[in-house]
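**Student:** Pasting in a structure now, in structure tokens, and then I'll have a few things to ask.
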Amino acid sequence: MAMRVRLDARAWSRSRFATSAAMEVLGVLRHRGRHPAAHARKWHARARRALPPEQLALLEALVPADHSYAPDFLTPVPRHGESMPEVAARIAATPGEEVDYQLDIAIRGRHVWPHVLALHRSEAAYERWRRPMPPALARVARDGGAAVATAAAAAMATLFESVLAPDWPRVRAVLDADIGNRADRMAAHGAAAVLDDLGERMRWTGTELVLERAYSGIIDWADEGVLFVPATTHVGPVLFAAERPHTPVLFYRARGIATLGERPPGAAESPLAGLVGVTRAALLTTLDVPASTTELSRRTGWSNATVSYHLGILLQAGLVDRHRRGRVVRYGRTDLGTALATSSAEERTSRAGRAG
């Protein structure tokens with residue numbers, strides 16, 4: 001049994017990489033506190049403390065720990081440079097009928113779609129694969145798919161902002177390094193080298209990608225290639241999301257995630273954070289190169305409004321300044337801001353040396 005993605009050489013040449021903050025959130029939810037990666041376990045523990053119980057219950061109902069399927073509307077096709085608030089807005093705007101259809105696929109007792117049933121060996125096998133409706137999801141689903149999308153988007157945005165956002169610059173660095181490494185391998189050894197170490201139970205035959213699964217099907221609309229998305233919270237075989245007519249997306253585990261489980265070199269545990277706050281310390285350390293509000297939003301995953309607010313406070317404190325060039329305003333550290341950021345880094349290095 002396998003899913004087959006029709007992918008000739010022309011379509012393969014159009015394939016590309018992207019990152020997805022939503023997929024990082026899903027990885028935390030799927031494996032709960034049993035995730036093999038230390039940073040993901042830490043994020044789940046934070047989520048249990050930070051999220052309202054009804055929001056966490058809804059997300060864990062949508063992303064079960066004991067079932068392979070999570071609705072695709074939770075991870076819309078990634079767009080370059082998109083922040084988590086922008087992703088959440090797209091999740092909330094998912095048409096209600098699309099959400100209902102995706103819930104139908106895996107929830108026992110809901111509508112059975114013949115083309116979904118046909119992917120499985122038998123009707124009995126399909127019913128065994130489906131799962132009961134969780135109470136936390138049933139309460140929201142009574143008001144229809146649009147209500148589920150709105151509530152899920154708000155919960156995912158809250159989880160990201162309160163849990164992942166302080167670590168997001170470090171996560172992006174890992175994801176970007178993974179993409180860069182694979183791009184270098186592609187340049188040196190050809191496109192097929194991208195699949196090396198990508199995950200088990202997948203191969204490219206030259207005309208199609210084959211992903212071994214408990215069901216079978218053909219994805220024949222990958223004319224624009226596929227989107228490869230690394231995630232630091234992914235575990236196991238490559239996952240795919242494929243809803244016509246959207247570009248098929250393959251999610252895989254990024255390399256280098258061990259660094260995220262180490263003592264963070266960032267601001268969260270630094271004296272600088274105690275002085276100016278975690279968010280402003282993270283922005284100050286990120287500004288080793290001048291950047292606009294939009295660029296900082298993309299790097300950190302925080303909304304433009306959040307970045308602007310904290311930059312305003314840093315500006316009033318004399319830790320950053322700003323310069324306009326055409327229509328773009330860029331922020332940079334002042335000498336005082338650089339001195340604080342540098343001394344904080346040196347203090348962490350000194351403590352690490354003493355601890356060693």
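Each chain in the structure tokens gets a letter, A, B and so on, in the order shown; residues start at 1 in every chain, and ligands are counted from 1 in the order they appear.
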Tell me which protein, DNA and RNA residues are within 6 Å of stretch 223-231 of chain A, counting only C-alpha atoms, leaving out same-chain ones fewer than 2 positions away, and put them as a list of chain:residue names.
**Tutor:**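 Here the qualifying residues turn out to be A:Ala11, A:Trp12, A:Arg14, A:Ser15, A:Arg16, A:Phe17, A:Ala18, A:Thr19, A:Glu24, A:Trp221, A:Thr233, A:His234, A:Thr247, A:Pro248, A:Val249, A:Leu250, A:Phe251, A:Tyr252, A:Arg253, A:Ala254.
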**Student:** List the neighbours of stretch 313-327 of chain A out to 12 Å using only C-alpha atoms; skip same-chain residues closer than 3 positions along the sequence, and give me the result as a short mmCIF file (atom, residue, chain, number, x, y, z; two decimals) with all heavy atoms, in the first residue's frame.
**Tutor:**
```cif
data_model
loop_
_atom_site.label_atom_id
_atom_site.label_comp_id
_atom_site.auth_asym_id
_atom_site.auth_seq_id
_atom_site.Cartn_x
_atom_site.Cartn_y
_atom_site.Cartn_z
N LEU A 272 20.47 40.14 30.42
CA LEU A 272 19.80 41.14 29.58
C LEU A 272 18.29 40.98 29.65
O LEU A 272 17.55 41.96 29.70
CB LEU A 272 20.29 41.00 28.14
CG LEU A 272 19.72 42.00 27.12
CD1 LEU A 272 20.05 43.43 27.52
CD2 LEU A 272 20.28 41.69 25.73
N LEU A 275 16.86 42.52 32.60
CA LEU A 275 16.89 43.98 32.55
C LEU A 275 15.78 44.56 31.67
O LEU A 275 15.08 45.49 32.08
CB LEU A 275 18.25 44.45 32.04
CG LEU A 275 18.46 45.97 31.92
CD1 LEU A 275 18.38 46.61 33.31
CD2 LEU A 275 19.80 46.26 31.27
N VAL A 276 15.61 43.99 30.47
CA VAL A 276 14.67 44.61 29.51
C VAL A 276 13.49 43.71 29.17
O VAL A 276 12.58 44.15 28.46
CB VAL A 276 15.41 44.99 28.21
CG1 VAL A 276 16.54 45.97 28.49
CG2 VAL A 276 15.93 43.77 27.46
N GLY A 277 13.48 42.47 29.66
CA GLY A 277 12.40 41.55 29.32
C GLY A 277 12.82 40.60 28.21
O GLY A 277 13.69 40.92 27.38
N THR A 279 11.25 39.32 25.46
CA THR A 279 10.98 39.67 24.07
C THR A 279 11.92 40.75 23.57
O THR A 279 12.49 40.65 22.48
CB THR A 279 9.52 40.13 23.90
OG1 THR A 279 8.65 39.09 24.38
CG2 THR A 279 9.20 40.41 22.43
N ARG A 280 12.11 41.80 24.37
CA ARG A 280 12.99 42.90 23.93
C ARG A 280 14.45 42.44 23.89
O ARG A 280 15.22 42.89 23.03
CB ARG A 280 12.79 44.11 24.85
CG ARG A 280 11.42 44.77 24.64
CD ARG A 280 11.28 46.06 25.42
NE ARG A 280 11.03 45.86 26.83
CZ ARG A 280 9.84 45.61 27.35
NH1 ARG A 280 8.77 45.49 26.56
NH2 ARG A 280 9.67 45.47 28.66
N ALA A 281 14.83 41.55 24.81
CA ALA A 281 16.20 41.02 24.77
C ALA A 281 16.41 40.20 23.49
O ALA A 281 17.47 40.29 22.86
CB ALA A 281 16.45 40.15 26.00
N ALA A 282 15.40 39.41 23.11
CA ALA A 282 15.52 38.62 21.89
C ALA A 282 15.65 39.52 20.67
O ALA A 282 16.44 39.27 19.76
CB ALA A 282 14.31 37.70 21.75
N LEU A 283 14.86 40.59 20.63
CA LEU A 283 14.96 41.53 19.50
C LEU A 283 16.33 42.19 19.47
O LEU A 283 16.93 42.35 18.40
CB LEU A 283 13.87 42.60 19.61
CG LEU A 283 12.45 42.17 19.23
CD1 LEU A 283 11.46 43.27 19.55
CD2 LEU A 283 12.38 41.81 17.74
N LEU A 284 16.83 42.58 20.64
CA LEU A 284 18.11 43.27 20.69
C LEU A 284 19.24 42.36 20.22
O LEU A 284 20.13 42.79 19.48
CB LEU A 284 18.37 43.76 22.12
CG LEU A 284 19.44 44.85 22.29
CD1 LEU A 284 19.06 46.10 21.51
CD2 LEU A 284 19.63 45.19 23.76
N THR A 285 19.21 41.10 20.63
CA THR A 285 20.26 40.19 20.19
C THR A 285 20.10 39.83 18.72
O THR A 285 21.09 39.53 18.03
CB THR A 285 20.26 38.89 21.03
OG1 THR A 285 18.95 38.32 21.03
CG2 THR A 285 20.64 39.20 22.47
N THR A 286 18.87 39.85 18.20
CA THR A 286 18.64 39.56 16.79
C THR A 286 19.14 40.69 15.90
O THR A 286 19.51 40.47 14.74
CB THR A 286 17.13 39.34 16.53
OG1 THR A 286 16.68 38.25 17.33
CG2 THR A 286 16.85 39.01 15.06
N LEU A 287 19.19 41.91 16.45
CA LEU A 287 19.57 43.08 15.66
C LEU A 287 21.08 43.23 15.52
O LEU A 287 21.59 44.36 15.53
CB LEU A 287 18.98 44.35 16.28
CG LEU A 287 17.53 44.66 15.88
CD1 LEU A 287 17.00 45.82 16.69
CD2 LEU A 287 17.45 44.97 14.39
N ASP A 288 21.80 42.12 15.39
CA ASP A 288 23.23 42.26 15.09
C ASP A 288 23.43 42.81 13.68
O ASP A 288 24.49 43.34 13.35
CB ASP A 288 23.95 40.92 15.25
CG ASP A 288 23.26 39.79 14.50
OD1 ASP A 288 22.13 39.99 14.02
OD2 ASP A 288 23.85 38.71 14.40
N VAL A 289 22.37 42.67 12.85
CA VAL A 289 22.33 43.30 11.53
C VAL A 289 21.06 44.14 11.47
O VAL A 289 19.98 43.65 11.84
CB VAL A 289 22.31 42.24 10.41
CG1 VAL A 289 22.17 42.90 9.05
CG2 VAL A 289 23.57 41.39 10.45
N PRO A 290 21.13 45.42 11.06
CA PRO A 290 19.92 46.25 11.00
C PRO A 290 18.82 45.60 10.20
O PRO A 290 19.07 44.90 9.21
CB PRO A 290 20.42 47.54 10.35
CG PRO A 290 21.87 47.59 10.68
CD PRO A 290 22.34 46.17 10.65
N ALA A 291 17.58 45.81 10.63
CA ALA A 291 16.45 45.16 9.97
C ALA A 291 15.20 46.01 10.14
O ALA A 291 15.09 46.81 11.07
CB ALA A 291 16.22 43.77 10.55
N SER A 292 14.26 45.83 9.22
CA SER A 292 12.98 46.51 9.31
C SER A 292 12.04 45.73 10.23
O SER A 292 12.31 44.58 10.60
CB SER A 292 12.34 46.62 7.92
OG SER A 292 11.98 45.34 7.43
N THR A 293 10.93 46.35 10.58
CA THR A 293 9.93 45.67 11.40
C THR A 293 9.45 44.39 10.72
O THR A 293 9.31 43.35 11.35
CB THR A 293 8.74 46.61 11.66
OG1 THR A 293 9.19 47.77 12.33
CG2 THR A 293 7.68 45.93 12.51
N THR A 306 3.52 43.40 17.50
CA THR A 306 4.34 43.04 18.66
C THR A 306 5.76 43.58 18.52
O THR A 306 6.32 44.17 19.45
CB THR A 306 4.37 41.51 18.82
OG1 THR A 306 3.04 41.04 19.09
CG2 THR A 306 5.29 41.09 19.96
N VAL A 307 6.34 43.37 17.34
CA VAL A 307 7.71 43.85 17.10
C VAL A 307 7.77 45.38 17.22
O VAL A 307 8.68 45.92 17.86
CB VAL A 307 8.20 43.39 15.71
CG1 VAL A 307 9.53 44.05 15.36
CG2 VAL A 307 8.34 41.88 15.66
N SER A 308 6.82 46.08 16.62
CA SER A 308 6.80 47.55 16.66
C SER A 308 6.70 48.06 18.09
O SER A 308 7.38 49.02 18.48
CB SER A 308 5.64 48.09 15.83
OG SER A 308 5.81 47.79 14.47
N TYR A 309 5.84 47.42 18.88
CA TYR A 309 5.66 47.85 20.26
C TYR A 309 6.96 47.77 21.04
O TYR A 309 7.38 48.73 21.72
CB TYR A 309 4.58 47.00 20.93
CG TYR A 309 4.48 47.20 22.43
CD1 TYR A 309 3.88 48.34 22.96
CD2 TYR A 309 5.01 46.26 23.31
CE1 TYR A 309 3.80 48.53 24.34
CE2 TYR A 309 4.93 46.44 24.68
CZ TYR A 309 4.33 47.57 25.19
OH TYR A 309 4.27 47.76 26.55
N HIS A 310 7.64 46.62 20.95
CA HIS A 310 8.86 46.42 21.74
C HIS A 310 10.02 47.23 21.18
O HIS A 310 10.88 47.70 21.95
CB HIS A 310 9.20 44.94 21.81
CG HIS A 310 8.23 44.16 22.65
ND1 HIS A 310 8.17 44.28 24.02
CD2 HIS A 310 7.26 43.27 22.30
CE1 HIS A 310 7.22 43.49 24.49
NE2 HIS A 310 6.65 42.87 23.47
N ARG A 330 14.72 50.98 8.91
CA ARG A 330 15.46 49.88 9.52
C ARG A 330 15.94 50.28 10.91
O ARG A 330 16.34 51.42 11.15
CB ARG A 330 16.64 49.47 8.65
CG ARG A 330 16.23 48.62 7.46
CD ARG A 330 17.44 47.97 6.79
NE ARG A 330 17.03 46.92 5.88
CZ ARG A 330 16.58 47.13 4.66
NH1 ARG A 330 16.50 48.38 4.19
NH2 ARG A 330 16.21 46.12 3.89
N TYR A 331 15.91 49.32 11.79
CA TYR A 331 16.36 49.51 13.17
C TYR A 331 17.72 48.84 13.35
O TYR A 331 17.99 47.79 12.76
CB TYR A 331 15.36 48.91 14.15
CG TYR A 331 14.06 49.65 14.23
CD1 TYR A 331 13.06 49.44 13.28
CD2 TYR A 331 13.81 50.56 15.25
CE1 TYR A 331 11.86 50.12 13.33
CE2 TYR A 331 12.61 51.24 15.32
CZ TYR A 331 11.64 51.02 14.36
OH TYR A 331 10.45 51.71 14.42
N GLY A 332 18.56 49.47 14.16
CA GLY A 332 19.87 48.90 14.48
C GLY A 332 20.20 49.21 15.93
O GLY A 332 19.61 50.11 16.54
N ARG A 333 21.12 48.47 16.49
CA ARG A 333 21.52 48.71 17.86
C ARG A 333 22.38 49.96 17.96
O ARG A 333 23.21 50.22 17.09
CB ARG A 333 22.30 47.52 18.41
CG ARG A 333 21.48 46.26 18.58
CD ARG A 333 22.20 45.19 19.38
NE ARG A 333 23.48 44.81 18.83
CZ ARG A 333 23.88 43.55 18.70
NH1 ARG A 333 23.05 42.56 19.05
NH2 ARG A 333 25.08 43.26 18.25
N THR A 334 22.19 50.71 19.01
CA THR A 334 23.10 51.81 19.33
C THR A 334 24.34 51.22 19.99
O THR A 334 24.40 50.02 20.28
CB THR A 334 22.43 52.81 20.28
OG1 THR A 334 22.12 52.12 21.51
CG2 THR A 334 21.15 53.37 19.67
N ASP A 335 25.31 52.08 20.27
CA ASP A 335 26.51 51.61 20.97
C ASP A 335 26.14 51.01 22.33
O ASP A 335 26.69 49.99 22.75
CB ASP A 335 27.50 52.75 21.16
CG ASP A 335 28.12 53.20 19.83
OD1 ASP A 335 28.03 52.42 18.86
OD2 ASP A 335 28.68 54.31 19.79
N LEU A 336 25.17 51.66 23.00
CA LEU A 336 24.74 51.14 24.30
C LEU A 336 24.05 49.78 24.15
O LEU A 336 24.32 48.85 24.92
CB LEU A 336 23.79 52.14 24.98
CG LEU A 336 23.19 51.70 26.32
CD1 LEU A 336 24.30 51.41 27.33
CD2 LEU A 336 22.23 52.77 26.85
N GLY A 337 23.19 49.66 23.14
CA GLY A 337 22.51 48.39 22.91
C GLY A 337 23.49 47.28 22.57
O GLY A 337 23.37 46.15 23.06
N THR A 338 24.50 47.61 21.76
CA THR A 338 25.51 46.62 21.41
C THR A 338 26.33 46.21 22.62
O THR A 338 26.64 45.03 22.81
CB THR A 338 26.44 47.18 20.32
OG1 THR A 338 25.66 47.45 19.14
CG2 THR A 338 27.54 46.20 19.97
N ALA A 339 26.65 47.19 23.46
CA ALA A 339 27.43 46.89 24.67
C ALA A 339 26.66 45.95 25.59
O ALA A 339 27.23 45.00 26.14
CB ALA A 339 27.78 48.18 25.40
N LEU A 340 25.36 46.20 25.75
CA LEU A 340 24.55 45.33 26.60
C LEU A 340 24.45 43.93 26.03
O LEU A 340 24.60 42.94 26.75
CB LEU A 340 23.15 45.93 26.78
CG LEU A 340 23.03 47.10 27.75
CD1 LEU A 340 21.62 47.67 27.72
CD2 LEU A 340 23.37 46.65 29.17
N ALA A 341 24.16 43.85 24.72
CA ALA A 341 24.02 42.54 24.09
C ALA A 341 25.34 41.77 24.14
O ALA A 341 25.37 40.56 24.41
CB ALA A 341 23.55 42.70 22.65
#
```
**Student:** Going by DSSP on the backbone, which residues of stretch 72-260 of chain A come out as strand (DSSP E)? List them as a list in words.
**Tutor:**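 So the strand (DSSP E) residues in stretch 72-260 of chain A would be Met202, Arg203, Trp204, Glu208, Leu209, Val210, Leu211, Glu212, Gly217, Ile218, Ile219, Leu227, Phe228, Val229, Pro230, Ala231, Leu239, Phe240, Ala241, Val249, Leu250, Phe251, Tyr252 and Arg253 of chain A.
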**Student:** In Å to one decimal, how far is atom CA of A:Leu296 from atom CA of A:Leu175?
**Tutor:**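 Calculated distance between atom CA of A:Leu175 and atom CA of A:Leu296 is 16.6 Å.
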**Student:** Contacts of A:Ala47 at 12 Å or less, counting only C-alpha atoms, minus same-chain residues fewer than 2 places along, as a PyMOL selection string?
**Tutor:** chain A and resi 25+28-29+32-33+40-45+49-53+55-57+59-60+155-165
**Student:** Could you take the residues named above and write them with N, CA and C atoms, as a compact mmCIF listing (two decimals), in the first residue's frame?
**Tutor:**
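Saved to again.txt:
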```
# COMPACT_ATOMS: atom_id res chain seq x y z
N VAL A 25 4.06 23.66 15.65
CA VAL A 25 3.03 23.57 16.67
C VAL A 25 2.40 22.18 16.66
N VAL A 28 4.49 19.48 18.39
CA VAL A 28 4.41 19.56 19.85
C VAL A 28 3.14 18.88 20.34
N LEU A 29 2.02 19.16 19.66
CA LEU A 29 0.73 18.62 20.08
C LEU A 29 0.66 17.11 19.89
N ARG A 32 2.89 15.31 22.55
CA ARG A 32 2.66 15.71 23.93
C ARG A 32 3.98 15.80 24.70
N GLY A 33 3.98 15.31 25.92
CA GLY A 33 5.19 15.34 26.74
C GLY A 33 6.09 14.16 26.51
N ALA A 40 10.98 20.05 22.27
CA ALA A 40 9.55 19.87 22.06
C ALA A 40 8.83 19.50 23.35
N ARG A 41 9.47 18.70 24.21
CA ARG A 41 8.88 18.39 25.52
C ARG A 41 8.77 19.65 26.35
N LYS A 42 9.78 20.50 26.28
CA LYS A 42 9.75 21.76 27.02
C LYS A 42 8.60 22.64 26.52
N TRP A 43 8.40 22.68 25.21
CA TRP A 43 7.31 23.49 24.65
C TRP A 43 5.95 22.96 25.09
N HIS A 44 5.79 21.65 25.14
CA HIS A 44 4.50 21.11 25.56
C HIS A 44 4.24 21.43 27.03
N ALA A 45 5.27 21.35 27.86
CA ALA A 45 5.10 21.70 29.27
C ALA A 45 4.71 23.17 29.41
N ARG A 49 0.95 25.04 30.79
CA ARG A 49 0.87 26.12 31.76
C ARG A 49 0.25 27.38 31.17
N ALA A 50 0.50 27.64 29.89
CA ALA A 50 0.16 28.95 29.31
C ALA A 50 -1.21 29.00 28.64
N LEU A 51 -1.67 27.90 28.07
CA LEU A 51 -2.92 27.94 27.31
C LEU A 51 -4.13 27.75 28.20
N PRO A 52 -5.23 28.44 27.91
CA PRO A 52 -6.49 28.13 28.59
C PRO A 52 -6.84 26.66 28.33
N PRO A 53 -7.34 25.94 29.33
CA PRO A 53 -7.59 24.50 29.18
C PRO A 53 -8.46 24.15 27.98
N GLN A 55 -8.66 25.68 25.12
CA GLN A 55 -7.90 25.79 23.88
C GLN A 55 -6.97 24.60 23.69
N LEU A 56 -6.26 24.21 24.75
CA LEU A 56 -5.36 23.07 24.65
C LEU A 56 -6.15 21.79 24.37
N ALA A 57 -7.32 21.64 25.00
CA ALA A 57 -8.14 20.44 24.77
C ALA A 57 -8.60 20.36 23.31
N LEU A 59 -7.08 21.69 20.63
CA LEU A 59 -5.95 21.38 19.76
C LEU A 59 -5.55 19.91 19.89
N GLU A 60 -5.56 19.37 21.10
CA GLU A 60 -5.18 17.98 21.27
C GLU A 60 -6.26 17.04 20.73
N ALA A 155 -6.36 29.32 19.00
CA ALA A 155 -5.58 28.50 19.93
C ALA A 155 -4.15 28.31 19.44
N MET A 156 -3.98 28.09 18.14
CA MET A 156 -2.63 27.90 17.60
C MET A 156 -1.82 29.19 17.71
N ALA A 157 -2.46 30.33 17.45
CA ALA A 157 -1.75 31.60 17.58
C ALA A 157 -1.33 31.85 19.02
N THR A 158 -2.19 31.53 19.96
CA THR A 158 -1.86 31.70 21.38
C THR A 158 -0.71 30.80 21.78
N LEU A 159 -0.76 29.54 21.33
CA LEU A 159 0.31 28.60 21.67
C LEU A 159 1.64 29.08 21.11
N PHE A 160 1.64 29.51 19.86
CA PHE A 160 2.91 29.96 19.28
C PHE A 160 3.45 31.18 20.03
N GLU A 161 2.60 32.18 20.24
CA GLU A 161 3.06 33.43 20.84
C GLU A 161 3.57 33.22 22.26
N SER A 162 2.88 32.37 23.03
CA SER A 162 3.24 32.21 24.44
C SER A 162 4.28 31.12 24.69
N VAL A 163 4.50 30.24 23.70
CA VAL A 163 5.37 29.09 23.93
C VAL A 163 6.58 29.06 23.00
N LEU A 164 6.35 29.13 21.68
CA LEU A 164 7.44 28.96 20.73
C LEU A 164 8.16 30.26 20.38
N ALA A 165 7.45 31.38 20.45
CA ALA A 165 8.00 32.63 19.94
C ALA A 165 9.37 32.99 20.53
```
**Student:** Would you mind listing what lies within 10 Å of A:Tyr69 as a list in words, with only C-alpha atoms counted and same-chain residues fewer than 6 positions away left out?
**Tutor:**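 My reading of the contact set: Arg30, Leu62, Val63, Gln102, Leu103, Ile105, Ala106, Ile107, Trp129, Arg130, Arg131 and Leu239 of chain A.
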